[in-house]
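Visitor: Got a structure for you, written out below as structure tokens; questions coming shortly.
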Amino acid sequence: MVRVIMDPKGSGKTKQLIEMINSAILTEHGNVVCIEWDRELVYDIHYHIRLIEASDFYLPSFEALKGFVSGLYAGNYDITHVFVDNLGKIVSCKDNVQVEDFLEWLDRFSDKNNLKFTVTISAEPETATDGIKKYL
């Protein structure tokens, strides 16, 4: 399952994500991971959540992020939910077709490995392609 939270910058996506992350630790029966660009959430989320600072890694493309997510899961099969805060900051790409392809890949990866993904994107929901809208 893939869920996208898409709204303009400053609209409260991260606050909503923090609430979802902190409630996931109570409901998930495995490990919960949060990937963010920097360490802004370190004091806001529960200490049992694995917080990964993406800026520590070289992720210049969606292909690199796919490899990163795959490696993350290969190293810990107990992961049940991955939260990605601000996808556009992690992979600097404005091409909605590439974002759509990545979300479709996440959905297939999710189904195959029984994982949940929640992703935030800073953009107007009206600019989303049909492929992105199905995850909103």
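By convention here, the chains of the structure tokens are called A, B, ... in the order presented, each chain's residues are numbered starting at 1, and ligands are numbered starting at 1 in the order presented.
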Need the shell around Asn31 (chain A): protein/DNA/RNA residues with any atom at most 12 Å away, counting only C-alpha atoms. Skip same-chain ones fewer than 6 positions apart. Format as a list in words?
Guide: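 So the residues in contact are Ile21, Ala24, Ile25, Tyr47, His48, Ile49, Arg50, Leu51, Leu72, Tyr73, Gly75, Asn76, Tyr77, Asp78, Ile79, Thr80, His81, Val82, Phe83, Leu115 and Lys116 of chain A.
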Visitor: Which residues, written as a ChimeraX atom specification, have at least one atom at most 10 Å from Phe102 (chain A), with only C-alpha atoms counted and residues fewer than 2 positions away on the same chain left out?
Guide: /A:62-63,65-66,96-100,104-108,132
Visitor: Run DSSP on the backbone and give me the residues of region 2-136 of chain A it puts in strand (DSSP E), as a compact mmCIF listing (two decimals) with C-alpha atoms, in the first residue's frame.
Guide:
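Everything below was put into states_26.txt:
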```txt
# COMPACT_ATOMS: atom_id res chain seq x y z
CA VAL A 2 1.26 3.44 -0.94
CA ARG A 3 -0.28 6.63 0.36
CA VAL A 4 0.71 10.11 -0.82
CA ILE A 5 0.10 13.32 1.09
CA MET A 6 0.39 16.10 -1.48
CA ASP A 7 -0.11 19.75 -0.57
CA ASN A 31 9.76 -1.88 12.54
CA VAL A 32 8.81 1.59 11.35
CA VAL A 33 11.24 3.72 9.35
CA CYS A 34 11.18 7.41 8.46
CA ILE A 35 13.36 8.77 5.66
CA GLU A 36 13.76 12.54 5.65
CA ARG A 50 14.31 4.40 12.77
CA LEU A 51 15.05 7.89 11.45
CA ILE A 52 17.23 8.04 8.34
CA GLU A 53 18.75 11.30 7.19
CA ILE A 79 10.14 -3.37 8.46
CA THR A 80 6.38 -2.93 8.06
CA HIS A 81 6.00 0.79 7.28
CA VAL A 82 8.29 3.33 5.62
CA PHE A 83 7.49 7.04 5.78
CA VAL A 84 9.20 9.37 3.30
CA LYS A 116 3.28 0.17 3.69
CA PHE A 117 4.68 3.42 2.34
CA THR A 118 3.53 6.94 3.16
CA VAL A 119 5.12 9.72 1.11
CA THR A 120 4.77 13.50 1.32
CA ILE A 121 5.15 15.69 -1.76
CA SER A 122 5.20 19.49 -1.68
```
Visitor: Could you pull out all residues of chain A with a DSSP call of alpha helix (DSSP H) and give them as a ChimeraX atom specification?
Guide: /A:13-27,62-75,87-90,96-113,130-133
Visitor: Just how far from CA of Arg39 (chain A) is CA of Gly67 (chain A), in Å to one decimal?
Guide: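 Distance between the two atoms: 21.5 Å.
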Visitor: I need the residue nearest Lys15 (chain A) from this list: A:Leu136, A:Ala54, A:Leu103, A:Ile45. Use only C-alpha atoms for the distance.
Guide: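 Checking each of A:Leu136, A:Ala54, A:Leu103, A:Ile45 against Lys15 (chain A), counting only C-alpha atoms, the winner is A:Ile45.
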Visitor: Between A:Lys134, A:Tyr43, A:Ser23, A:Phe57, which one has atoms that come closest to Val91 (chain A), using only C-alpha atoms?
Guide: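 The answer is A:Phe57, which sits nearest to Val91 (chain A).
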Visitor: If you measure from CA of Thr27 (chain A) to CA of Met1 (chain A), what distance in Å do you get, rounded to one decimal?
Guide: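 Pair CA of Thr27 (chain A) / CA of Met1 (chain A) returns 15.7 Å.
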Visitor: Restricting the calculation to only C-alpha atoms, which member of A:Ala64, A:Ala128, A:Asp111, A:Trp37 is positioned closest to Ile90 (chain A)?
Guide: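 With only C-alpha atoms as the atom set, the closest residue is A:Trp37.
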